[in-house]
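Text of the file protein-v8.cif, holding mmCIF, C-alpha atoms:
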data_run
#
loop_
_atom_site.label_atom_id
_atom_site.label_comp_id
_atom_site.auth_asym_id
_atom_site.auth_seq_id
_atom_site.Cartn_x
_atom_site.Cartn_y
_atom_site.Cartn_z
CA MET A 1 -91.90 42.76 17.10
CA THR A 2 -91.69 42.95 20.87
CA MET A 3 -89.76 45.26 23.14
CA ARG A 4 -87.41 42.38 23.85
CA ASP A 5 -85.98 42.34 20.34
CA ILE A 6 -82.40 43.62 20.47
CA ALA A 7 -82.00 44.20 16.74
CA THR A 8 -83.67 47.59 16.50
CA PRO A 9 -81.75 50.88 16.33
CA THR A 10 -83.39 52.17 19.53
CA ARG A 11 -82.82 49.07 21.67
CA THR A 12 -79.26 48.57 20.40
CA LYS A 13 -78.36 52.16 21.22
CA GLU A 14 -79.95 51.83 24.69
CA ILE A 15 -77.86 48.74 25.46
CA LEU A 16 -74.64 50.33 24.18
CA LYS A 17 -75.31 53.46 26.26
CA LYS A 18 -76.24 51.49 29.40
CA TYR A 19 -72.90 49.67 29.37
CA GLY A 20 -70.81 52.48 27.87
CA PHE A 21 -69.70 50.08 25.15
CA SER A 22 -67.30 51.34 22.46
CA PHE A 23 -66.61 49.43 19.26
CA LYS A 24 -63.18 47.94 18.65
CA LYS A 25 -62.21 48.32 15.01
CA SER A 26 -59.56 45.61 15.44
CA LEU A 27 -62.32 43.06 16.16
CA GLY A 28 -64.43 44.09 13.16
CA GLN A 29 -67.49 44.77 15.33
CA ASN A 30 -70.64 45.75 13.39
CA PHE A 31 -73.98 45.02 15.08
CA LEU A 32 -77.04 44.19 12.96
CA ILE A 33 -80.19 46.26 13.55
CA ASP A 34 -82.61 44.66 11.07
CA LEU A 35 -85.05 41.95 12.23
CA ASN A 36 -85.98 41.01 8.66
CA ILE A 37 -82.38 40.09 7.81
CA LEU A 38 -82.05 38.19 11.10
CA GLY A 39 -85.14 36.19 10.17
CA LYS A 40 -83.58 35.19 6.86
CA ILE A 41 -80.38 34.07 8.60
CA VAL A 42 -82.28 31.94 11.13
CA ASP A 43 -84.54 30.46 8.42
CA ALA A 44 -81.46 29.50 6.36
CA ALA A 45 -80.09 27.51 9.30
CA GLU A 46 -83.20 25.25 9.26
CA LEU A 47 -83.37 25.10 13.06
CA THR A 48 -85.86 23.23 15.25
CA LYS A 49 -86.11 22.54 18.98
CA GLU A 50 -84.38 19.20 18.30
CA LYS A 51 -81.33 20.95 16.84
CA GLY A 52 -78.41 22.86 18.31
CA VAL A 53 -76.45 25.86 17.07
CA ILE A 54 -73.01 27.34 17.65
CA GLU A 55 -72.86 31.09 17.13
CA ILE A 56 -69.53 32.84 16.59
CA GLY A 57 -69.31 36.46 17.73
CA PRO A 58 -72.73 37.15 19.32
CA GLY A 59 -71.98 40.83 20.02
CA ILE A 60 -74.80 42.07 22.27
CA GLY A 61 -77.04 39.10 21.42
CA ALA A 62 -79.24 40.34 18.54
CA LEU A 63 -78.88 37.17 16.47
CA THR A 64 -78.43 34.98 19.55
CA GLU A 65 -81.91 35.69 20.89
CA GLN A 66 -83.49 34.87 17.51
CA LEU A 67 -81.54 31.58 17.41
CA SER A 68 -82.57 30.85 21.01
CA ARG A 69 -86.24 31.13 20.10
CA ARG A 70 -85.85 28.51 17.37
CA ALA A 71 -83.17 26.03 18.54
CA GLY A 72 -83.06 23.59 21.44
CA LYS A 73 -79.54 24.62 22.51
CA VAL A 74 -77.32 27.60 21.65
CA VAL A 75 -73.64 28.01 22.47
CA ALA A 76 -72.29 31.46 21.59
CA ILE A 77 -68.52 32.00 21.40
CA GLU A 78 -67.40 35.57 22.12
CA ILE A 79 -63.79 36.80 22.03
CA ASP A 80 -64.42 40.25 23.58
CA GLN A 81 -64.58 39.96 27.37
CA ARG A 82 -66.31 43.35 27.63
CA LEU A 83 -69.43 41.83 26.03
CA LEU A 84 -69.87 39.01 28.57
CA PRO A 85 -71.84 41.02 31.18
CA ILE A 86 -73.99 42.53 28.41
CA LEU A 87 -74.82 39.08 27.06
CA ALA A 88 -75.58 37.80 30.57
CA ASP A 89 -78.20 40.56 30.74
CA THR A 90 -79.69 40.44 27.23
CA LEU A 91 -79.90 36.62 27.13
CA SER A 92 -81.09 36.07 30.71
CA SER A 93 -84.49 34.80 29.47
CA TYR A 94 -82.91 31.88 27.59
CA PRO A 95 -81.59 29.23 30.01
CA HIS A 96 -80.73 26.89 27.11
CA THR A 97 -78.29 29.48 25.76
CA GLU A 98 -74.68 29.53 26.96
CA VAL A 99 -71.93 32.06 26.25
CA VAL A 100 -68.34 30.83 26.06
CA HIS A 101 -65.45 33.29 26.21
CA GLY A 102 -62.68 32.49 23.74
CA ASP A 103 -61.19 32.70 20.26
CA VAL A 104 -62.93 30.22 17.96
CA LEU A 105 -59.73 29.79 15.92
CA GLU A 106 -57.96 28.38 18.98
CA MET A 107 -60.82 26.26 20.34
CA ASP A 108 -61.27 22.51 20.16
CA LEU A 109 -64.71 22.50 18.56
CA HIS A 110 -65.01 18.69 18.48
CA THR A 111 -64.77 18.67 22.28
CA LEU A 112 -67.16 21.61 22.62
CA ILE A 113 -69.75 19.77 20.50
CA ARG A 114 -69.28 16.52 22.41
CA ASP A 115 -69.58 18.18 25.82
CA ARG A 116 -72.39 20.65 25.19
CA PHE A 117 -74.70 19.08 22.60
CA ASN A 118 -75.79 15.74 24.04
CA ASP A 119 -79.48 15.89 23.17
CA GLN A 120 -79.44 17.63 19.78
CA GLU A 121 -79.75 15.52 16.65
CA LYS A 122 -78.09 18.06 14.34
CA ILE A 123 -75.87 21.10 14.84
CA SER A 124 -75.28 24.15 12.69
CA VAL A 125 -72.91 27.12 12.93
CA VAL A 126 -74.42 30.57 12.48
CA ALA A 127 -72.40 33.79 12.59
CA ASN A 128 -72.03 37.41 11.60
CA LEU A 129 -68.31 37.08 10.87
CA PRO A 130 -65.75 39.89 11.00
CA TYR A 131 -64.36 40.38 7.50
CA TYR A 132 -60.73 40.00 8.53
CA VAL A 133 -61.09 36.40 9.80
CA THR A 134 -63.78 35.10 7.44
CA SER A 135 -61.57 32.73 5.42
CA ALA A 136 -59.66 31.40 8.44
CA ILE A 137 -62.84 30.59 10.36
CA LEU A 138 -64.61 28.98 7.40
CA MET A 139 -61.61 26.79 6.56
CA LYS A 140 -61.31 25.69 10.20
CA LEU A 141 -65.00 24.72 10.30
CA LEU A 142 -64.73 22.78 7.02
CA GLU A 143 -61.28 21.17 7.28
CA GLU A 144 -61.87 19.86 10.81
CA ARG A 145 -64.82 17.83 9.48
CA LEU A 146 -67.11 18.87 12.32
CA PRO A 147 -70.47 17.05 12.50
CA LEU A 148 -72.46 19.99 11.13
CA GLU A 149 -75.65 20.27 9.09
CA ASN A 150 -75.30 23.88 7.92
CA ILE A 151 -72.90 26.80 8.19
CA VAL A 152 -74.79 30.08 7.75
CA VAL A 153 -72.61 33.18 7.84
CA MET A 154 -72.98 36.84 7.08
CA ILE A 155 -69.78 37.92 5.36
CA GLN A 156 -68.53 40.48 2.87
CA LYS A 157 -70.67 40.31 -0.30
CA GLU A 158 -67.71 39.78 -2.66
CA VAL A 159 -66.37 36.91 -0.55
CA ALA A 160 -69.78 35.19 -0.43
CA GLU A 161 -70.11 35.45 -4.20
CA ARG A 162 -66.58 34.12 -4.63
CA ILE A 163 -67.27 31.07 -2.46
CA ALA A 164 -70.50 30.24 -4.32
CA SER A 165 -69.13 30.82 -7.84
CA GLY A 166 -68.34 28.09 -10.35
CA PRO A 167 -65.30 27.54 -12.61
CA GLY A 168 -64.49 30.05 -15.34
CA GLY A 169 -65.38 33.28 -13.59
CA LYS A 170 -63.00 35.78 -12.05
CA GLU A 171 -64.57 35.20 -8.59
CA TYR A 172 -63.75 31.47 -8.60
CA GLY A 173 -60.70 30.70 -6.48
CA ALA A 174 -59.16 28.40 -3.88
CA LEU A 175 -61.83 29.22 -1.29
CA SER A 176 -64.58 28.37 -3.82
CA VAL A 177 -63.02 24.96 -4.55
CA LEU A 178 -62.31 24.03 -0.93
CA ALA A 179 -65.73 25.18 0.32
CA GLN A 180 -67.59 23.34 -2.45
CA PHE A 181 -65.49 20.22 -1.83
CA TYR A 182 -67.23 19.94 1.56
CA ALA A 183 -70.52 21.76 1.05
CA GLU A 184 -73.19 23.06 -1.31
CA ALA A 185 -72.76 26.85 -1.34
CA GLU A 186 -75.60 29.32 -1.82
CA VAL A 187 -75.92 33.08 -1.40
CA VAL A 188 -79.21 33.48 0.53
CA THR A 189 -79.59 37.27 0.50
CA ILE A 190 -77.63 40.50 0.05
CA VAL A 191 -77.38 42.74 3.13
CA PRO A 192 -76.88 46.51 2.67
CA HIS A 193 -74.27 48.19 4.85
CA SER A 194 -76.95 50.57 6.17
CA VAL A 195 -78.45 47.95 8.54
CA PHE A 196 -75.42 47.86 10.86
CA ILE A 197 -74.14 49.97 13.76
CA PRO A 198 -71.52 51.20 12.95
CA GLN A 199 -71.94 50.94 9.18
CA PRO A 200 -69.16 49.05 7.36
CA ASN A 201 -67.84 50.40 4.06
CA VAL A 202 -69.17 47.53 1.95
CA ASP A 203 -72.33 45.45 1.62
CA SER A 204 -72.59 41.96 3.10
CA ALA A 205 -74.31 38.73 2.09
CA VAL A 206 -75.71 35.72 3.91
CA LEU A 207 -74.02 32.53 2.70
CA ARG A 208 -75.28 29.04 3.46
CA LEU A 209 -72.95 26.05 3.24
CA ARG A 210 -75.01 22.86 3.43
CA ILE A 211 -72.49 20.22 4.50
CA ARG A 212 -72.27 17.20 2.22
CA ASN A 213 -72.49 13.66 3.63
CA LYS A 214 -69.17 13.06 1.91
CA PRO A 215 -66.87 15.36 -0.10
CA ALA A 216 -68.02 16.22 -3.62
CA VAL A 217 -65.12 14.32 -5.25
CA ASP A 218 -62.95 11.38 -4.19
CA VAL A 219 -59.34 12.30 -3.40
CA ASP A 220 -56.51 10.04 -2.28
CA SER A 221 -55.12 12.69 0.08
CA GLU A 222 -57.05 15.73 1.28
CA GLU A 223 -53.76 17.38 2.28
CA ILE A 224 -52.35 17.07 -1.26
CA PHE A 225 -55.69 18.24 -2.69
CA TYR A 226 -55.52 21.42 -0.53
CA ARG A 227 -51.91 22.03 -1.54
CA VAL A 228 -52.65 21.61 -5.26
CA VAL A 229 -55.69 23.90 -5.11
CA LYS A 230 -53.90 26.61 -3.13
CA ALA A 231 -50.82 26.44 -5.36
CA SER A 232 -52.99 26.63 -8.52
CA PHE A 233 -54.34 30.03 -7.46
CA ALA A 234 -51.12 31.41 -5.96
CA GLN A 235 -50.85 33.92 -8.82
CA ARG A 236 -54.12 34.09 -10.70
CA ARG A 237 -52.67 35.31 -14.01
CA LYS A 238 -50.13 32.50 -14.23
CA THR A 239 -50.73 29.12 -15.83
CA LEU A 240 -51.17 25.95 -13.80
CA SER A 241 -47.69 24.75 -14.76
CA ASN A 242 -46.04 27.99 -13.60
CA ASN A 243 -47.97 28.09 -10.34
CA LEU A 244 -47.33 24.43 -9.50
CA LEU A 245 -43.65 24.66 -10.47
CA ASN A 246 -43.14 27.68 -8.24
CA ASN A 247 -45.32 26.62 -5.32
CA LEU A 248 -45.32 22.82 -5.23
CA PHE A 249 -42.84 20.95 -7.39
CA GLY A 250 -39.75 23.12 -7.78
CA LYS A 251 -38.40 24.08 -11.20
CA GLU A 252 -36.03 21.11 -11.40
CA ARG A 253 -39.03 18.75 -11.65
CA LYS A 254 -40.67 20.35 -14.68
CA GLU A 255 -40.61 17.25 -16.91
CA GLU A 256 -42.05 15.07 -14.16
CA MET A 257 -44.82 17.61 -13.58
CA LEU A 258 -45.71 17.84 -17.29
CA GLN A 259 -46.03 14.04 -17.43
CA ILE A 260 -48.49 14.20 -14.54
CA PHE A 261 -50.60 16.76 -16.39
CA ALA A 262 -50.58 14.53 -19.47
CA LYS A 263 -51.67 11.47 -17.45
CA ALA A 264 -54.44 13.51 -15.80
CA GLY A 265 -55.63 14.72 -19.22
CA ILE A 266 -55.30 18.40 -18.25
CA ASP A 267 -53.55 21.07 -20.32
CA SER A 268 -50.78 22.60 -18.18
CA ALA A 269 -51.26 25.96 -19.97
CA ARG A 270 -54.73 26.39 -18.40
CA ARG A 271 -55.30 28.61 -15.39
CA GLY A 272 -56.59 27.41 -12.04
CA GLU A 273 -59.87 29.28 -12.40
CA THR A 274 -60.88 27.05 -15.34
CA LEU A 275 -60.65 23.71 -13.49
CA SER A 276 -63.70 21.97 -12.04
CA LEU A 277 -63.65 20.10 -8.73
CA GLU A 278 -63.41 16.83 -10.66
CA GLU A 279 -60.34 18.05 -12.56
CA PHE A 280 -58.64 19.26 -9.38
CA ALA A 281 -59.31 15.83 -7.84
CA ARG A 282 -57.87 14.04 -10.89
CA LEU A 283 -54.75 16.19 -10.86
CA SER A 284 -54.20 15.93 -7.11
CA ASN A 285 -54.65 12.14 -7.17
CA ARG A 286 -51.87 11.89 -9.79
CA ILE A 287 -49.65 14.19 -7.72
CA SER A 288 -50.35 12.32 -4.48
CA GLN A 289 -48.87 9.18 -6.05
CA ILE A 290 -45.54 11.05 -6.00
CA PHE A 291 -45.82 13.21 -2.89
CA GLY A 292 -47.86 10.75 -0.84
#

Just dump the structure as structure tokens.
Amino acid sequence: MTMRDIATPTRTKEILKKYGFSFKKSLGQNFLIDLNILGKIVDAAELTKEKGVIEIGPGIGALTEQLSRRAGKVVAIEIDQRLLPILADTLSSYPHTEVVHGDVLEMDLHTLIRDRFNDQEKISVVANLPYYVTSAILMKLLEERLPLENIVVMIQKEVAERIASGPGGKEYGALSVLAQFYAEAEVVTIVPHSVFIPQPNVDSAVLRLRIRNKPAVDVDSEEIFYRVVKASFAQRRKTLSNNLLNNLFGKERKEEMLQIFAKAGIDSARRGETLSLEEFARLSNRISQIFG
């Protein structure tokens, strides 16, 4: 450890006091003060000087500086304008690190990658994500088919476990299916709530999504696949037939829908949580022949 490390309670408090920074609850700001956890996050991203990294929500730069020591280029996206002068100070020793002000959900990330990562052979996204936008950000990163190697995020523990879970369990849901369609999901480590300032109410986990070269299953239409998956989990306690009738087909098309289930070899009385990726693909491919 050196005095330059931001992620210690003493240094973090000094920086916050120096700038008179107050946390905004609406932005879900919780700053990490544990170098051991930061090391596990950076290791999970598999960075080298030949690789680049996009960080979402750098805060005061605790994770950013660790990424900057390992990667050849870092672009950190920060929504809170009040943090920009702090980051200019804390990251001043890293000329290959750039801070961009903006909302990642509204940014054109393909253009950002094209314009700012010319010399890096692979790019990953690393982030300590606010709980309230976790799903929206992850789905944007996955559905836009960005040229990424890994997505490593610290998120709420229950959400991380849900994304990494397989069929049959109560955690398995639409986010599990859609994330695993694009990536191999793994919970790297559990993070206690005590290692943050301020402390959140729940524990977190570090999740790694290793992006697949191609999706896990072949689908005729990714849009129909998304719609089928999301409709299948609309009400978890309902059967597939009820969920798809209410959220995709319309009740007047019940017979047509039941024929599709029969052709796909899937019992319509099952629940969404019991279907594998392969079964969702089979069902959506049958449905896309009608809706496509």

Using 9 Å as the limit and counting only C-alpha atoms, can you tabulate each residue of range 83-185 of chain A that touches range 55-61 of chain A, with its shortest atom-to-atom distance in Å and the two atoms involved, as a Markdown table?
| residue | atom | partner | partner_atom | distance |
| --- | --- | --- | --- | --- |
| A:Leu83 | CA | A:Ile60 | CA | 6.6 |
| A:Leu84 | CA | A:Ile60 | CA | 8.6 |
| A:Ile86 | CA | A:Ile60 | CA | 6.2 |
| A:Leu87 | CA | A:Ile60 | CA | 5.6 |
| A:Thr90 | CA | A:Gly61 | CA | 6.5 |
| A:Leu91 | CA | A:Gly61 | CA | 6.9 |
| A:Val99 | CA | A:Pro58 | CA | 8.6 |
| A:Val104 | CA | A:Ile56 | CA | 7.2 |
| A:Ser124 | CA | A:Glu55 | CA | 8.6 |
| A:Val125 | CA | A:Glu55 | CA | 5.8 |
| A:Val126 | CA | A:Glu55 | CA | 4.9 |
| A:Ala127 | CA | A:Ile56 | CA | 5.0 |
| A:Asn128 | CA | A:Gly57 | CA | 6.8 |
| A:Leu129 | CA | A:Gly57 | CA | 7.0 |
| A:Pro130 | CA | A:Gly57 | CA | 8.4 |

Which residues match the PyMOL selection byres ((chain A and resi 207-224) around 6) in the file above, as a compact mmCIF listing (two decimals) with C-alpha atoms, in the frame of the given file?
# COMPACT_ATOMS: atom_id res chain seq x y z
CA GLU A 149 -75.65 20.27 9.09
CA ASN A 150 -75.30 23.88 7.92
CA ILE A 151 -72.90 26.80 8.19
CA VAL A 152 -74.79 30.08 7.75
CA VAL A 153 -72.61 33.18 7.84
CA ALA A 160 -69.78 35.19 -0.43
CA PHE A 181 -65.49 20.22 -1.83
CA TYR A 182 -67.23 19.94 1.56
CA ALA A 183 -70.52 21.76 1.05
CA GLU A 184 -73.19 23.06 -1.31
CA ALA A 185 -72.76 26.85 -1.34
CA GLU A 186 -75.60 29.32 -1.82
CA VAL A 187 -75.92 33.08 -1.40
CA VAL A 188 -79.21 33.48 0.53
CA VAL A 206 -75.71 35.72 3.91
CA PHE A 225 -55.69 18.24 -2.69
CA TYR A 226 -55.52 21.42 -0.53
CA ARG A 227 -51.91 22.03 -1.54
CA ALA A 281 -59.31 15.83 -7.84
CA ASN A 285 -54.65 12.14 -7.17

For the point (-84.5, 29.6, 20.3) in the file's frame, write as a compact mmCIF listing (two decimals) with C-alpha atoms, in the frame of the given file all residues with an atom no more than 9 Å away, counting all atoms listed in the file.
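File result-v6.txt, as written:
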# COMPACT_ATOMS: atom_id res chain seq x y z
CA LEU A 47 -83.37 25.10 13.06
CA THR A 48 -85.86 23.23 15.25
CA LYS A 49 -86.11 22.54 18.98
CA THR A 64 -78.43 34.98 19.55
CA GLU A 65 -81.91 35.69 20.89
CA GLN A 66 -83.49 34.87 17.51
CA LEU A 67 -81.54 31.58 17.41
CA SER A 68 -82.57 30.85 21.01
CA ARG A 69 -86.24 31.13 20.10
CA ARG A 70 -85.85 28.51 17.37
CA ALA A 71 -83.17 26.03 18.54
CA GLY A 72 -83.06 23.59 21.44
CA LYS A 73 -79.54 24.62 22.51
CA VAL A 74 -77.32 27.60 21.65
CA TYR A 94 -82.91 31.88 27.59
CA HIS A 96 -80.73 26.89 27.11
CA THR A 97 -78.29 29.48 25.76

Residue members of the PyMOL selection byres ((chain A and resi 101) around 9) in the file shown, as a VMD selection string:
chain A and resid 76 to 81 84 99 to 100 102 to 103

Just want the 12 Å neighbourhood of Phe196 in chain A, counted on only C-alpha atoms, with same-chain residues fewer than 4 positions away dropped. Output as a PDB file with C-alpha atoms, in the frame of the given file.
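Written out: around.pdb:
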ATOM      1  CA  ALA A   7     -82.000  44.200  16.740  1.00  0.00           C
ATOM      2  CA  THR A   8     -83.670  47.590  16.500  1.00  0.00           C
ATOM      3  CA  PRO A   9     -81.750  50.880  16.330  1.00  0.00           C
ATOM      4  CA  THR A  12     -79.260  48.570  20.400  1.00  0.00           C
ATOM      5  CA  LYS A  13     -78.360  52.160  21.220  1.00  0.00           C
ATOM      6  CA  GLY A  28     -64.430  44.090  13.160  1.00  0.00           C
ATOM      7  CA  GLN A  29     -67.490  44.770  15.330  1.00  0.00           C
ATOM      8  CA  ASN A  30     -70.640  45.750  13.390  1.00  0.00           C
ATOM      9  CA  PHE A  31     -73.980  45.020  15.080  1.00  0.00           C
ATOM     10  CA  LEU A  32     -77.040  44.190  12.960  1.00  0.00           C
ATOM     11  CA  ILE A  33     -80.190  46.260  13.550  1.00  0.00           C
ATOM     12  CA  ASP A  34     -82.610  44.660  11.070  1.00  0.00           C
ATOM     13  CA  LEU A  35     -85.050  41.950  12.230  1.00  0.00           C
ATOM     14  CA  ILE A  37     -82.380  40.090   7.810  1.00  0.00           C
ATOM     15  CA  LEU A  38     -82.050  38.190  11.100  1.00  0.00           C
ATOM     16  CA  ALA A  62     -79.240  40.340  18.540  1.00  0.00           C
ATOM     17  CA  ASN A 128     -72.030  37.410  11.600  1.00  0.00           C
ATOM     18  CA  MET A 154     -72.980  36.840   7.080  1.00  0.00           C
ATOM     19  CA  VAL A 191     -77.380  42.740   3.130  1.00  0.00           C
ATOM     20  CA  PRO A 192     -76.880  46.510   2.670  1.00  0.00           C
ATOM     21  CA  PRO A 200     -69.160  49.050   7.360  1.00  0.00           C
ATOM     22  CA  ASN A 201     -67.840  50.400   4.060  1.00  0.00           C
ATOM     23  CA  VAL A 202     -69.170  47.530   1.950  1.00  0.00           C
ATOM     24  CA  ASP A 203     -72.330  45.450   1.620  1.00  0.00           C
ATOM     25  CA  SER A 204     -72.590  41.960   3.100  1.00  0.00           C
TER      26      SER A 204
END

Counting only C-alpha atoms, what is within 10 Å of Val159 in chain A, bar same-chain residues fewer than 5 positions away, as a PyMOL selection string?
chain A and resi 131+134-135+164-165+171+175-176+204-205+207

Export C-alpha atoms of the chosen residues as an mmCIF file, in the coordinates of the input?
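After the write, part32.cif holds the following:
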data_model
loop_
_atom_site.group_PDB
_atom_site.id
_atom_site.type_symbol
_atom_site.label_atom_id
_atom_site.label_comp_id
_atom_site.auth_asym_id
_atom_site.auth_seq_id
_atom_site.Cartn_x
_atom_site.Cartn_y
_atom_site.Cartn_z
ATOM 1 C CA TYR A 131 -64.360 40.380 7.500
ATOM 2 C CA THR A 134 -63.780 35.100 7.440
ATOM 3 C CA SER A 135 -61.570 32.730 5.420
ATOM 4 C CA ALA A 164 -70.500 30.240 -4.320
ATOM 5 C CA SER A 165 -69.130 30.820 -7.840
ATOM 6 C CA GLU A 171 -64.570 35.200 -8.590
ATOM 7 C CA LEU A 175 -61.830 29.220 -1.290
ATOM 8 C CA SER A 176 -64.580 28.370 -3.820
ATOM 9 C CA SER A 204 -72.590 41.960 3.100
ATOM 10 C CA ALA A 205 -74.310 38.730 2.090
ATOM 11 C CA LEU A 207 -74.020 32.530 2.700
#

Taking (-81.6, 15.8, 16.9) as a centre in this file's frame and 9 Å as the limit, can you find every polymer residue with an atom that close, using all atoms listed in the file, and give them as a ChimeraX atom specification?
/A:48-52,119-123

Nearest to Val177 in chain A, restricted to all atoms listed in the file and choosing among A:Ile6, A:Leu244, A:Val75, A:Met139, comes out as A:Met139

If you measure from CA of Lys157 in chain A to CA of Ala45 in chain A, what distance in Å do you get, rounded to one decimal?
18.6 Å

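Of the residues under consideration (A:Ser26, A:Gln199, A:Gln259, A:Ser268), A:Ser268 shows the shortest atom-to-atom contact distance to Ser232 in chain A when counting only C-alpha atoms.
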
Among listed residues A:Leu283, A:Val42, A:Ala269, A:Ala264, nearest Asn242 in chain A (using all atoms listed in the file):
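Smallest distance to Asn242 in chain A is found for A:Ala269.
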
For CA of Glu273 in chain A and CA of Ala231 in chain A, quote the distance in Å rounded to one decimal.
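Straight-line distance from CA of Glu273 in chain A to CA of Ala231 in chain A works out to 11.8 Å.
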
To one decimal place, how far is CA of Phe21 in chain A from CA of Arg82 in chain A in Å?
7.9 Å

Quick one: of A:Val195, A:Leu141, A:Val53, A:Ala174, who's nearest to Arg236 in chain A, counting only C-alpha atoms?
A:Ala174

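Closest approach to Phe280 in chain A from the set A:Lys230, A:His193, A:Lys170, A:Arg237 is made by A:Lys230, with distances taken over only C-alpha atoms.
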
Can you spit out range 69-113 of chain A with C-alpha atoms, as a CSV table (one decimal), in the first residue's frame, from the structure just given?
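This went into out_10.csv:
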chain,number,residue,atom,x,y,z
A,69,ARG,CA,-2.0,0.8,-13.1
A,70,ARG,CA,-3.0,-2.4,-15.0
A,71,ALA,CA,-4.5,-1.3,-18.3
A,72,GLY,CA,-3.1,0.6,-21.3
A,73,LYS,CA,-6.1,3.0,-21.6
A,74,VAL,CA,-9.0,3.8,-19.2
A,75,VAL,CA,-12.1,5.8,-20.0
A,76,ALA,CA,-14.2,6.5,-16.9
A,77,ILE,CA,-17.8,7.7,-17.4
A,78,GLU,CA,-19.2,9.8,-14.6
A,79,ILE,CA,-22.7,11.2,-14.4
A,80,ASP,CA,-22.2,13.5,-11.3
A,81,GLN,CA,-20.6,16.8,-12.5
A,82,ARG,CA,-19.5,17.6,-8.9
A,83,LEU,CA,-17.0,14.7,-9.1
A,84,LEU,CA,-15.1,15.9,-12.2
A,85,PRO,CA,-12.7,18.3,-10.4
A,86,ILE,CA,-12.0,15.6,-7.7
A,87,LEU,CA,-11.2,13.1,-10.4
A,88,ALA,CA,-9.0,15.6,-12.2
A,89,ASP,CA,-7.0,15.8,-9.0
A,90,THR,CA,-6.9,12.1,-7.9
A,91,LEU,CA,-6.1,10.8,-11.4
A,92,SER,CA,-3.6,13.4,-12.4
A,93,SER,CA,-0.7,10.9,-12.3
A,94,TYR,CA,-2.4,8.8,-15.1
A,95,PRO,CA,-2.2,10.5,-18.5
A,96,HIS,CA,-3.7,7.4,-20.2
A,97,THR,CA,-6.9,7.8,-18.1
A,98,GLU,CA,-9.7,10.0,-19.3
A,99,VAL,CA,-12.9,11.0,-17.6
A,100,VAL,CA,-16.1,11.6,-19.6
A,101,HIS,CA,-19.1,13.4,-18.2
A,102,GLY,CA,-22.4,11.8,-19.1
A,103,ASP,CA,-25.1,9.2,-18.5
A,104,VAL,CA,-23.9,5.8,-19.8
A,105,LEU,CA,-27.5,4.8,-20.6
A,106,GLU,CA,-27.8,7.7,-23.1
A,107,MET,CA,-24.3,7.3,-24.6
A,108,ASP,CA,-23.3,5.8,-28.0
A,109,LEU,CA,-20.8,3.3,-26.7
A,110,HIS,CA,-19.9,2.0,-30.1
A,111,THR,CA,-18.6,5.5,-31.1
A,112,LEU,CA,-16.8,5.9,-27.8
A,113,ILE,CA,-15.0,2.7,-28.3
